[in-house]
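Shown below: target-v5.txt, with compact mmCIF, C-alpha atoms.
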# COMPACT_ATOMS: atom_id res chain seq x y z
CA MET A 1 51.29 41.95 44.04
CA THR A 2 49.60 39.41 46.28
CA ALA A 3 46.83 38.79 43.74
CA PHE A 4 49.37 38.25 40.98
CA ALA A 5 51.41 35.96 43.22
CA ASP A 6 48.36 33.88 44.03
CA ALA A 7 47.28 33.70 40.39
CA ALA A 8 50.69 32.60 39.12
CA PRO A 9 50.66 29.09 40.68
CA THR A 10 47.07 28.59 39.49
CA ALA A 11 47.97 29.56 35.91
CA ALA A 12 51.02 27.32 36.01
CA ALA A 13 48.93 24.39 37.26
CA GLY A 14 46.37 24.99 34.50
CA THR A 15 49.11 25.04 31.89
CA ARG A 16 50.54 21.77 33.22
CA ASN A 17 47.11 20.11 33.23
CA LYS A 18 46.41 21.32 29.69
CA SER A 19 49.78 20.07 28.45
CA ARG A 20 49.18 16.75 30.21
CA VAL A 21 45.79 16.35 28.49
CA VAL A 22 47.29 17.23 25.12
CA GLY A 23 50.14 14.81 25.70
CA GLU A 24 47.78 12.03 26.71
CA SER A 25 45.45 12.55 23.73
CA ARG A 26 48.26 12.62 21.17
CA PRO A 27 48.95 8.83 21.24
CA ILE A 28 45.20 8.20 20.91
CA ALA A 29 45.09 10.47 17.86
CA TYR A 30 48.04 8.60 16.35
CA LEU A 31 46.34 5.26 17.04
CA VAL A 32 43.09 6.40 15.42
CA GLY A 33 45.02 7.71 12.42
CA ALA A 34 46.91 4.43 12.04
CA ILE A 35 43.65 2.46 12.20
CA CYS A 36 42.07 4.72 9.55
CA ILE A 37 45.09 4.31 7.27
CA ALA A 38 44.97 0.52 7.71
CA ILE A 39 41.26 0.40 6.85
CA ILE A 40 41.75 2.63 3.80
CA THR A 41 44.63 0.44 2.64
CA ILE A 42 42.57 -2.74 3.00
CA MET A 43 39.65 -1.19 1.10
CA LEU A 44 41.79 0.23 -1.72
CA MET A 45 44.05 -2.80 -2.19
CA PRO A 46 41.60 -4.80 -4.38
CA ILE A 47 41.08 -1.78 -6.62
CA VAL A 48 44.83 -1.19 -6.92
CA LEU A 49 45.41 -4.87 -7.76
CA SER A 50 42.64 -4.73 -10.38
CA VAL A 51 44.23 -1.69 -12.03
CA LEU A 52 47.66 -3.36 -12.03
CA ALA A 53 46.23 -6.58 -13.47
CA SER A 54 44.40 -4.67 -16.19
CA ILE A 55 47.60 -3.09 -17.56
CA LYS A 56 49.58 -6.34 -17.71
CA PRO A 57 50.13 -8.17 -21.01
CA PRO A 58 47.45 -10.88 -21.40
CA SER A 59 49.98 -13.70 -21.01
CA GLU A 60 51.40 -12.20 -17.83
CA ALA A 61 47.92 -11.70 -16.35
CA GLN A 62 47.37 -15.48 -16.60
CA GLN A 63 50.49 -16.43 -14.65
CA SER A 64 50.15 -18.61 -11.58
CA PRO A 65 51.34 -17.66 -9.04
CA PRO A 66 50.60 -14.11 -10.18
CA SER A 67 53.07 -11.25 -10.26
CA TYR A 68 51.62 -8.16 -8.63
CA LEU A 69 53.56 -5.56 -10.61
CA PRO A 70 53.46 -5.60 -14.44
CA SER A 71 56.79 -6.01 -16.17
CA THR A 72 55.60 -3.86 -19.08
CA LEU A 73 52.57 -1.66 -19.60
CA SER A 74 49.98 -3.05 -21.98
CA PHE A 75 46.51 -1.76 -22.87
CA ASP A 76 45.51 -4.82 -24.89
CA ASN A 77 42.98 -5.78 -22.24
CA TYR A 78 41.21 -2.42 -22.52
CA VAL A 79 41.21 -2.69 -26.32
CA LYS A 80 39.58 -6.11 -26.06
CA VAL A 81 36.89 -4.78 -23.72
CA PHE A 82 36.18 -1.76 -25.96
CA GLU A 83 35.86 -3.93 -29.06
CA TYR A 84 34.12 -6.92 -27.49
CA GLN A 85 30.99 -8.06 -29.39
CA ALA A 86 28.69 -5.03 -29.82
CA GLY A 87 31.28 -2.70 -28.30
CA LEU A 88 31.72 -1.21 -24.86
CA LEU A 89 29.90 2.02 -25.74
CA THR A 90 26.76 0.04 -26.55
CA TYR A 91 26.75 -1.71 -23.18
CA VAL A 92 27.56 1.49 -21.28
CA SER A 93 24.75 3.30 -23.10
CA ASN A 94 22.32 0.52 -22.20
CA SER A 95 23.34 0.64 -18.54
CA LEU A 96 23.07 4.43 -18.43
CA LEU A 97 19.63 4.30 -20.05
CA VAL A 98 18.33 1.72 -17.60
CA ALA A 99 19.86 3.56 -14.63
CA GLY A 100 18.43 6.88 -15.83
CA ILE A 101 14.90 5.47 -16.15
CA THR A 102 15.26 3.82 -12.73
CA ILE A 103 16.29 7.11 -11.13
CA VAL A 104 13.36 8.98 -12.69
CA LEU A 105 10.84 6.34 -11.60
CA CYS A 106 12.26 6.11 -8.08
CA LEU A 107 12.14 9.88 -7.58
CA ALA A 108 8.69 10.22 -9.17
CA LEU A 109 7.26 7.61 -6.79
CA SER A 110 9.29 8.03 -3.60
CA ILE A 111 9.01 11.83 -3.29
CA PRO A 112 5.17 11.98 -3.24
CA ALA A 113 5.00 8.81 -1.12
CA GLY A 114 7.51 10.13 1.40
CA TYR A 115 5.81 13.53 1.50
CA GLY A 116 2.38 11.99 2.09
CA LEU A 117 3.58 9.59 4.78
CA ALA A 118 5.48 12.35 6.58
CA ARG A 119 3.02 15.26 6.38
CA PHE A 120 -0.54 13.98 5.96
CA LYS A 121 -2.80 12.34 8.52
CA ILE A 122 -3.55 8.97 7.00
CA TRP A 123 -5.48 6.23 8.75
CA GLY A 124 -3.11 3.36 9.56
CA LYS A 125 -0.14 5.30 8.21
CA GLU A 126 2.46 3.28 10.10
CA VAL A 127 0.89 0.01 8.94
CA TRP A 128 1.03 1.15 5.32
CA PHE A 129 4.63 2.24 5.82
CA ILE A 130 5.59 -1.17 7.17
CA LEU A 131 3.83 -2.84 4.24
CA LEU A 132 5.85 -0.68 1.86
CA LEU A 133 9.05 -1.81 3.56
CA ALA A 134 8.01 -5.48 3.65
CA PRO A 135 9.47 -6.30 0.19
CA LEU A 136 12.94 -5.68 1.66
CA MET A 137 12.49 -8.93 3.61
CA ILE A 138 11.71 -11.00 0.48
CA PRO A 139 14.64 -12.31 -1.62
CA TYR A 140 14.09 -10.66 -4.96
CA GLN A 141 15.55 -13.68 -6.76
CA ALA A 142 12.37 -15.58 -5.89
CA LEU A 143 10.28 -13.00 -7.75
CA LEU A 144 12.21 -12.89 -11.02
CA THR A 145 10.53 -15.86 -12.70
CA PRO A 146 6.92 -14.70 -12.18
CA LEU A 147 7.96 -11.16 -13.05
CA TYR A 148 9.53 -12.32 -16.29
CA LEU A 149 6.42 -14.30 -17.25
CA SER A 150 4.20 -11.31 -16.50
CA PHE A 151 6.43 -8.89 -18.39
CA ALA A 152 6.62 -11.25 -21.38
CA LYS A 153 2.82 -11.15 -21.68
CA VAL A 154 2.74 -7.35 -21.89
CA GLY A 155 5.81 -7.04 -24.11
CA LEU A 156 8.22 -5.64 -21.52
CA ALA A 157 10.63 -8.58 -21.49
CA ASN A 158 13.92 -7.92 -23.25
CA SER A 159 13.34 -4.17 -23.02
CA HIS A 160 15.23 -1.52 -21.11
CA LEU A 161 11.98 -0.11 -19.74
CA GLY A 162 10.98 -3.47 -18.29
CA LEU A 163 14.41 -3.91 -16.71
CA ALA A 164 14.24 -0.39 -15.24
CA ILE A 165 10.79 -1.12 -13.78
CA VAL A 166 12.17 -4.19 -12.00
CA HIS A 167 15.12 -2.19 -10.67
CA THR A 168 12.66 0.46 -9.45
CA VAL A 169 10.56 -2.13 -7.65
CA LEU A 170 13.66 -3.44 -5.91
CA GLN A 171 14.91 0.02 -4.88
CA LEU A 172 11.60 1.74 -4.11
CA PRO A 173 11.06 0.61 -0.46
CA PHE A 174 14.43 1.98 0.64
CA SER A 175 13.88 5.16 -1.38
CA ILE A 176 10.52 5.79 0.31
CA TYR A 177 12.12 5.18 3.70
CA LEU A 178 14.80 7.80 3.04
CA MET A 179 12.41 10.38 1.61
CA ARG A 180 9.89 9.99 4.43
CA ASN A 181 12.54 10.60 7.08
CA SER A 182 13.95 13.52 5.07
CA PHE A 183 10.54 15.22 4.98
CA GLU A 184 9.98 14.54 8.68
CA SER A 185 13.25 16.29 9.57
CA ILE A 186 11.90 19.64 8.27
CA PRO A 187 10.24 21.85 10.95
CA ARG A 188 6.47 22.02 10.70
CA GLU A 189 6.58 25.79 11.21
CA LEU A 190 7.67 26.18 7.59
CA GLU A 191 4.68 24.21 6.38
CA GLU A 192 2.33 26.19 8.59
CA ALA A 193 3.76 29.48 7.33
CA ALA A 194 3.23 28.34 3.74
CA LYS A 195 -0.40 27.46 4.50
CA VAL A 196 -0.93 30.90 6.04
CA ASP A 197 0.37 32.43 2.81
CA GLY A 198 -2.22 30.43 0.89
CA SER A 199 0.03 27.75 -0.65
CA SER A 200 -1.52 24.45 -1.61
CA SER A 201 0.04 21.14 -0.63
CA PHE A 202 1.56 20.76 -4.09
CA GLN A 203 3.00 24.30 -4.03
CA THR A 204 4.40 23.69 -0.55
CA LEU A 205 6.07 20.51 -1.74
CA LEU A 206 7.44 22.16 -4.87
CA LYS A 207 8.65 25.48 -3.46
CA ILE A 208 9.38 24.76 0.21
CA PHE A 209 10.20 21.11 0.73
CA LEU A 210 12.03 20.03 -2.42
CA PRO A 211 14.91 22.53 -2.00
CA LEU A 212 15.24 21.50 1.66
CA VAL A 213 15.27 17.75 0.97
CA LEU A 214 17.78 18.03 -1.89
CA PRO A 215 20.37 15.94 0.03
CA GLY A 216 17.77 13.19 0.41
CA ILE A 217 16.93 13.34 -3.30
CA VAL A 218 20.61 13.07 -4.18
CA THR A 219 20.97 10.09 -1.84
CA VAL A 220 18.04 8.30 -3.49
CA THR A 221 19.55 9.09 -6.89
CA LEU A 222 22.93 7.65 -5.93
CA PHE A 223 21.48 4.48 -4.46
CA ALA A 224 19.20 3.96 -7.46
CA PHE A 225 22.06 4.52 -9.92
CA ILE A 226 24.54 2.23 -8.18
CA ALA A 227 21.95 -0.52 -7.63
CA SER A 228 20.83 -0.41 -11.27
CA TRP A 229 24.35 -0.08 -12.69
CA ASN A 230 25.68 -3.10 -10.78
CA GLU A 231 22.61 -5.36 -10.96
CA PHE A 232 23.37 -8.57 -12.85
CA LEU A 233 20.86 -11.36 -12.27
CA THR A 234 17.74 -9.50 -13.41
CA ALA A 235 19.53 -8.18 -16.50
CA LEU A 236 20.74 -11.69 -17.33
CA ILE A 237 17.21 -13.13 -17.10
CA PHE A 238 15.27 -10.32 -18.77
CA MET A 239 17.66 -9.44 -21.61
CA ASN A 240 18.33 -12.00 -24.34
CA ASN A 241 19.43 -9.69 -27.15
CA GLU A 242 23.17 -9.07 -27.35
CA ASP A 243 22.71 -5.43 -28.32
CA SER A 244 20.58 -4.85 -25.19
CA PHE A 245 23.05 -6.24 -22.65
CA THR A 246 24.29 -4.09 -19.78
CA VAL A 247 27.80 -3.72 -18.37
CA PRO A 248 27.57 -6.52 -15.73
CA ILE A 249 26.65 -9.02 -18.47
CA LEU A 250 29.61 -7.75 -20.49
CA LEU A 251 31.93 -8.51 -17.57
CA VAL A 252 30.73 -12.10 -17.39
CA SER A 253 31.03 -12.56 -21.14
CA VAL A 254 34.46 -10.97 -21.55
CA ARG A 255 36.00 -13.10 -18.79
CA ALA A 256 35.90 -16.25 -20.96
CA GLY A 257 39.37 -17.06 -22.26
CA ARG A 258 40.74 -19.97 -24.25
CA LEU A 259 39.57 -23.51 -23.43
CA GLY A 260 37.33 -22.27 -20.61
CA ALA A 261 40.09 -20.40 -18.77
CA VAL A 262 39.36 -17.02 -17.21
CA ASP A 263 40.82 -14.04 -19.03
CA TRP A 264 41.88 -12.19 -15.91
CA GLY A 265 43.37 -9.22 -17.72
CA ALA A 266 40.25 -8.43 -19.74
CA LEU A 267 38.05 -9.08 -16.70
CA GLN A 268 40.00 -6.65 -14.52
CA ALA A 269 39.98 -4.04 -17.30
CA GLY A 270 36.20 -4.35 -17.44
CA VAL A 271 35.97 -4.04 -13.66
CA VAL A 272 38.05 -0.84 -13.68
CA ILE A 273 35.90 0.66 -16.44
CA SER A 274 32.66 -0.32 -14.67
CA ILE A 275 33.54 1.33 -11.35
CA LEU A 276 34.58 4.67 -12.85
CA PRO A 277 31.03 6.09 -13.30
CA CYS A 278 30.06 5.15 -9.73
CA VAL A 279 33.19 6.72 -8.26
CA LEU A 280 32.83 9.86 -10.37
CA ILE A 281 29.17 10.42 -9.46
CA TYR A 282 29.87 9.77 -5.79
CA LEU A 283 32.75 12.25 -5.70
CA LEU A 284 30.65 14.92 -7.40
CA LEU A 285 27.69 14.47 -5.05
CA GLN A 286 29.48 13.38 -1.88
CA LYS A 287 28.50 16.44 0.14
CA TYR A 288 24.78 15.99 -0.55
CA TYR A 289 25.00 12.22 -0.10
CA VAL A 290 26.43 12.39 3.43
CA ALA A 291 23.92 15.02 4.54
CA GLY A 292 20.99 13.18 2.98
CA PHE A 293 21.97 9.83 4.45
CA LEU A 294 22.27 11.31 7.94
CA ASN A 295 18.92 13.11 7.67
CA GLY A 296 17.10 10.30 5.97
CA ALA A 297 18.44 7.20 7.68
CA VAL A 298 19.30 8.37 11.20
CA LYS A 299 16.44 9.64 13.32

Could I get this structure in the form of structure tokens?
Amino acid sequence: MTAFADAAPTAAAGTRNKSRVVGESRPIAYLVGAICIAIITIMLMPIVLSVLASIKPPSEAQQSPPSYLPSTLSFDNYVKVFEYQAGLLTYVSNSLLVAGITIVLCLALSIPAGYGLARFKIWGKEVWFILLLAPLMIPYQALLTPLYLSFAKVGLANSHLGLAIVHTVLQLPFSIYLMRNSFESIPRELEEAAKVDGSSSFQTLLKIFLPLVLPGIVTVTLFAFIASWNEFLTALIFMNNEDSFTVPILLVSVRAGRLGAVDWGALQAGVVISILPCVLIYLLLQKYYVAGFLNGAVK
């Protein structure tokens, strides 16, 4: 009885302390939740306004001051974007082609480069790595004119391959950085075990490392796709054939209304259409993207 009597006050005190901690942490949890909701609202508000503006009648979309809610639903803006010049499908196909080539080139170059920098003993490896990252410090806009002149001499100007090569050059330093850190996060014991089994460096990369760095590969793919899909200035300079234009050029062209005014309805419809592929791909690959970004960018 004495032991139970002594334990009872202790248990009661522990229960009070636990309830006090829970009670004190609850307002903090509410505050954090409110902050998260506020941030999400601020981030989603421009997208919501774009969607609402895209389904307004064209005359209502031009009103000043604007009305935030459409009085009637109208899809005339989407019809205009779909039928504009060569057609939306042509521009989307061009953007997908350029983005696809960019992804392939980025992966084909960044995976071997990251593997070599992470796993092989190379003289001055860190110096070479810094040199590979150096282009990130140079404004790429300053390089577009000499690149265009060089590409024009070899017949790559006004071609999707040439545009994809430029996008690859712009994205490659960051891709190598991610892949190198992804390979370095893998324990060396796995590589040593593969060597004991007689695997070559290429077989080790293909059978051991690639499945383990899949999140990093997905991250590079997402960054390459989004960067290529949204890039405007290079596409504007390199492409001069209407049938070869990409989606960002379409957005600039379709915004022109009567007498130089901006066609806000058509522009917002184009914006909504242009963000759908990025959102869809991100949602499908979100799990791999988060894991790859943490492994590849945080060491």

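Between Glu242 (chain A) and the residues A:Pro65, A:Gly87, A:Pro27, A:Gly33, the shortest atom-to-atom distance, using all atoms listed in the file, involves A:Gly87.
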
inquiry  = Just want the 12 Å neighbourhood of Phe120 (chain A), counted on all atoms listed in the file, with same-chain residues fewer than 2 positions away dropped. Output as number ranges by chain.
reply    = A: 112-118, 122-126, 180, 183-184, 188, 191, 201

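Candidate residues A:Val254, A:Ala227, A:Leu156, A:Leu267 were compared for distance to Met239 (chain A), and the nearest is A:Leu156, using only C-alpha atoms.
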
ask   = Counting all atoms listed in the file, what is within 8 Å of region 158-162 of chain A, bar same-chain residues fewer than 5 positions away, as a list in words?
value = Asn94, Leu97, Val98, Ile101, Phe151, Phe238, Met239, Asn240, Asn241 and Ser244 of chain A

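Neighbours of Ser59 (chain A) closer than or equal to 10 Å, with only C-alpha atoms counted and sequence neighbours fewer than 3 positions away skipped, come out as A:Lys56, A:Gln62, A:Gln63, A:Asp263, A:Trp264, A:Gly265.
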
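A straight line drawn from CA of Thr102 (chain A) to CA of Ser50 (chain A) is 28.8 Å long.
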
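Take CA of Glu189 (chain A) and CA of Leu206 (chain A): the distance between them is 16.5 Å.
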
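As for CA of Ser182 (chain A) and CA of Leu105 (chain A), they are spaced 18.4 Å apart.
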
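Contact shell of Val48 (chain A) at 12 Å (all atoms listed in the file; same-chain neighbours under 3 positions omitted): Ile40, Thr41, Ile42, Met43, Leu44, Met45, Val51, Leu52, Ala53, Ser54, Ile55, Tyr68, Leu69, Gln268, Ala269, Val271 and Val272 of chain A.
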
key: Among listed residues A:Ile176, A:Ile226, A:Thr234, A:Gly216, nearest Leu147 (chain A) (using only C-alpha atoms)   = A:Thr234

Give me the residues within 9 Å of Pro57 (chain A) as a PDB file with C-alpha atoms, keeping the file's coordinate frame, counting all atoms listed in the file and dropping any in the same chain fewer than 3 places off.
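Result file follows (out_28.pdb):
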ATOM      1  CA  ALA A  53      46.230  -6.580 -13.470  1.00  0.00           C
ATOM      2  CA  SER A  54      44.400  -4.670 -16.190  1.00  0.00           C
ATOM      3  CA  GLU A  60      51.400 -12.200 -17.830  1.00  0.00           C
ATOM      4  CA  ALA A  61      47.920 -11.700 -16.350  1.00  0.00           C
ATOM      5  CA  GLN A  62      47.370 -15.480 -16.600  1.00  0.00           C
ATOM      6  CA  PRO A  70      53.460  -5.600 -14.440  1.00  0.00           C
ATOM      7  CA  SER A  71      56.790  -6.010 -16.170  1.00  0.00           C
ATOM      8  CA  THR A  72      55.600  -3.860 -19.080  1.00  0.00           C
ATOM      9  CA  LEU A  73      52.570  -1.660 -19.600  1.00  0.00           C
ATOM     10  CA  SER A  74      49.980  -3.050 -21.980  1.00  0.00           C
ATOM     11  CA  PHE A  75      46.510  -1.760 -22.870  1.00  0.00           C
ATOM     12  CA  ASP A  76      45.510  -4.820 -24.890  1.00  0.00           C
ATOM     13  CA  ASN A  77      42.980  -5.780 -22.240  1.00  0.00           C
ATOM     14  CA  GLY A 265      43.370  -9.220 -17.720  1.00  0.00           C
TER      15      GLY A 265
END

Using the file's own x, y and z axes, so that the box edges lie along x, y and z, what centre and edge lengths in Å (one decimal) does a box around every listed atom of region 99-102 of chain A get when 3 Å is added on each side? Give it as JSON.
{"center_x": 17.4, "center_y": 5.2, "center_z": -14.4, "size_x": 11.0, "size_y": 9.3, "size_z": 9.4}

query = Quick one: of A:Thr219, A:Asn181, A:Thr246, A:Gln85, who's nearest to Leu285 (chain A), counting only C-alpha atoms?
reply = A:Thr219

Because the input lacks atoms here, generate all heavy atoms for region 68-79 of chain A and report them as a PDB file, in the coordinates of the input.
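As a result, part.pdb now contains:
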ATOM      1  N   TYR A  68      52.475  -9.293  -8.971  1.00  0.00           N
ATOM      2  CA  TYR A  68      51.620  -8.160  -8.630  1.00  0.00           C
ATOM      3  C   TYR A  68      51.923  -6.924  -9.445  1.00  0.00           C
ATOM      4  O   TYR A  68      51.027  -6.129  -9.737  1.00  0.00           O
ATOM      5  CB  TYR A  68      51.741  -7.861  -7.129  1.00  0.00           C
ATOM      6  CG  TYR A  68      51.210  -8.975  -6.272  1.00  0.00           C
ATOM      7  CD1 TYR A  68      52.077  -9.860  -5.638  1.00  0.00           C
ATOM      8  CD2 TYR A  68      49.849  -9.168  -6.126  1.00  0.00           C
ATOM      9  CE1 TYR A  68      51.588 -10.895  -4.863  1.00  0.00           C
ATOM     10  CE2 TYR A  68      49.346 -10.206  -5.344  1.00  0.00           C
ATOM     11  CZ  TYR A  68      50.220 -11.067  -4.723  1.00  0.00           C
ATOM     12  OH  TYR A  68      49.744 -12.095  -3.957  1.00  0.00           O
ATOM     13  N   LEU A  69      53.182  -6.727  -9.831  1.00  0.00           N
ATOM     14  CA  LEU A  69      53.560  -5.560 -10.610  1.00  0.00           C
ATOM     15  C   LEU A  69      53.799  -5.970 -12.061  1.00  0.00           C
ATOM     16  O   LEU A  69      54.481  -6.971 -12.317  1.00  0.00           O
ATOM     17  CB  LEU A  69      54.821  -4.903 -10.041  1.00  0.00           C
ATOM     18  CG  LEU A  69      54.695  -4.335  -8.622  1.00  0.00           C
ATOM     19  CD1 LEU A  69      56.039  -3.788  -8.163  1.00  0.00           C
ATOM     20  CD2 LEU A  69      53.631  -3.244  -8.561  1.00  0.00           C
ATOM     21  N   PRO A  70      53.232  -5.238 -13.027  1.00  0.00           N
ATOM     22  CA  PRO A  70      53.460  -5.600 -14.440  1.00  0.00           C
ATOM     23  C   PRO A  70      54.886  -5.319 -14.869  1.00  0.00           C
ATOM     24  O   PRO A  70      55.482  -4.322 -14.472  1.00  0.00           O
ATOM     25  CB  PRO A  70      52.454  -4.690 -15.177  1.00  0.00           C
ATOM     26  CG  PRO A  70      52.256  -3.521 -14.267  1.00  0.00           C
ATOM     27  CD  PRO A  70      52.369  -4.051 -12.864  1.00  0.00           C
ATOM     28  N   SER A  71      55.425  -6.217 -15.657  1.00  0.00           N
ATOM     29  CA  SER A  71      56.790  -6.010 -16.170  1.00  0.00           C
ATOM     30  C   SER A  71      56.801  -4.943 -17.249  1.00  0.00           C
ATOM     31  O   SER A  71      57.748  -4.160 -17.347  1.00  0.00           O
ATOM     32  CB  SER A  71      57.333  -7.324 -16.727  1.00  0.00           C
ATOM     33  OG  SER A  71      56.479  -7.824 -17.755  1.00  0.00           O
ATOM     34  N   THR A  72      55.757  -4.898 -18.066  1.00  0.00           N
ATOM     35  CA  THR A  72      55.600  -3.860 -19.080  1.00  0.00           C
ATOM     36  C   THR A  72      54.136  -3.410 -19.099  1.00  0.00           C
ATOM     37  O   THR A  72      53.230  -4.177 -18.739  1.00  0.00           O
ATOM     38  CB  THR A  72      55.975  -4.390 -20.487  1.00  0.00           C
ATOM     39  OG1 THR A  72      55.153  -5.527 -20.794  1.00  0.00           O
ATOM     40  CG2 THR A  72      57.437  -4.784 -20.544  1.00  0.00           C
ATOM     41  N   LEU A  73      53.934  -2.177 -19.506  1.00  0.00           N
ATOM     42  CA  LEU A  73      52.570  -1.660 -19.600  1.00  0.00           C
ATOM     43  C   LEU A  73      51.936  -2.106 -20.905  1.00  0.00           C
ATOM     44  O   LEU A  73      52.546  -2.005 -21.976  1.00  0.00           O
ATOM     45  CB  LEU A  73      52.579  -0.131 -19.516  1.00  0.00           C
ATOM     46  CG  LEU A  73      53.032   0.493 -18.194  1.00  0.00           C
ATOM     47  CD1 LEU A  73      52.966   2.011 -18.275  1.00  0.00           C
ATOM     48  CD2 LEU A  73      52.172  -0.010 -17.043  1.00  0.00           C
ATOM     49  N   SER A  74      50.708  -2.607 -20.800  1.00  0.00           N
ATOM     50  CA  SER A  74      49.980  -3.050 -21.980  1.00  0.00           C
ATOM     51  C   SER A  74      48.512  -2.679 -21.819  1.00  0.00           C
ATOM     52  O   SER A  74      47.920  -2.906 -20.754  1.00  0.00           O
ATOM     53  CB  SER A  74      50.121  -4.577 -22.161  1.00  0.00           C
ATOM     54  OG  SER A  74      49.287  -5.036 -23.200  1.00  0.00           O
ATOM     55  N   PHE A  75      47.923  -2.133 -22.874  1.00  0.00           N
ATOM     56  CA  PHE A  75      46.510  -1.760 -22.870  1.00  0.00           C
ATOM     57  C   PHE A  75      45.688  -2.672 -23.770  1.00  0.00           C
ATOM     58  O   PHE A  75      44.590  -2.306 -24.189  1.00  0.00           O
ATOM     59  CB  PHE A  75      46.353  -0.300 -23.280  1.00  0.00           C
ATOM     60  CG  PHE A  75      46.994   0.666 -22.321  1.00  0.00           C
ATOM     61  CD1 PHE A  75      48.272   1.152 -22.550  1.00  0.00           C
ATOM     62  CD2 PHE A  75      46.328   1.070 -21.165  1.00  0.00           C
ATOM     63  CE1 PHE A  75      48.868   2.037 -21.661  1.00  0.00           C
ATOM     64  CE2 PHE A  75      46.918   1.948 -20.280  1.00  0.00           C
ATOM     65  CZ  PHE A  75      48.185   2.431 -20.521  1.00  0.00           C
ATOM     66  N   ASP A  76      46.236  -3.866 -24.049  1.00  0.00           N
ATOM     67  CA  ASP A  76      45.510  -4.820 -24.890  1.00  0.00           C
ATOM     68  C   ASP A  76      44.197  -5.253 -24.239  1.00  0.00           C
ATOM     69  O   ASP A  76      43.207  -5.512 -24.941  1.00  0.00           O
ATOM     70  CB  ASP A  76      46.377  -6.049 -25.164  1.00  0.00           C
ATOM     71  CG  ASP A  76      47.590  -5.712 -26.024  1.00  0.00           C
ATOM     72  OD1 ASP A  76      47.555  -4.647 -26.690  1.00  0.00           O
ATOM     73  OD2 ASP A  76      48.556  -6.496 -26.029  1.00  0.00           O
ATOM     74  N   ASN A  77      44.209  -5.359 -22.926  1.00  0.00           N
ATOM     75  CA  ASN A  77      42.980  -5.780 -22.240  1.00  0.00           C
ATOM     76  C   ASN A  77      41.871  -4.735 -22.407  1.00  0.00           C
ATOM     77  O   ASN A  77      40.703  -5.091 -22.611  1.00  0.00           O
ATOM     78  CB  ASN A  77      43.269  -5.985 -20.745  1.00  0.00           C
ATOM     79  CG  ASN A  77      44.255  -7.103 -20.502  1.00  0.00           C
ATOM     80  OD1 ASN A  77      44.167  -8.173 -21.104  1.00  0.00           O
ATOM     81  ND2 ASN A  77      45.213  -6.869 -19.616  1.00  0.00           N
ATOM     82  N   TYR A  78      42.218  -3.469 -22.335  1.00  0.00           N
ATOM     83  CA  TYR A  78      41.210  -2.420 -22.520  1.00  0.00           C
ATOM     84  C   TYR A  78      40.717  -2.393 -23.964  1.00  0.00           C
ATOM     85  O   TYR A  78      39.524  -2.153 -24.213  1.00  0.00           O
ATOM     86  CB  TYR A  78      41.794  -1.056 -22.143  1.00  0.00           C
ATOM     87  CG  TYR A  78      41.970  -0.889 -20.655  1.00  0.00           C
ATOM     88  CD1 TYR A  78      43.189  -1.166 -20.033  1.00  0.00           C
ATOM     89  CD2 TYR A  78      40.925  -0.453 -19.847  1.00  0.00           C
ATOM     90  CE1 TYR A  78      43.357  -1.015 -18.672  1.00  0.00           C
ATOM     91  CE2 TYR A  78      41.082  -0.293 -18.479  1.00  0.00           C
ATOM     92  CZ  TYR A  78      42.308  -0.579 -17.898  1.00  0.00           C
ATOM     93  OH  TYR A  78      42.470  -0.433 -16.542  1.00  0.00           O
ATOM     94  N   VAL A  79      41.620  -2.642 -24.918  1.00  0.00           N
ATOM     95  CA  VAL A  79      41.210  -2.690 -26.320  1.00  0.00           C
ATOM     96  C   VAL A  79      40.222  -3.829 -26.536  1.00  0.00           C
ATOM     97  O   VAL A  79      39.215  -3.673 -27.249  1.00  0.00           O
ATOM     98  CB  VAL A  79      42.442  -2.848 -27.231  1.00  0.00           C
ATOM     99  CG1 VAL A  79      42.016  -3.076 -28.676  1.00  0.00           C
ATOM    100  CG2 VAL A  79      43.334  -1.621 -27.132  1.00  0.00           C
TER     101      VAL A  79
END
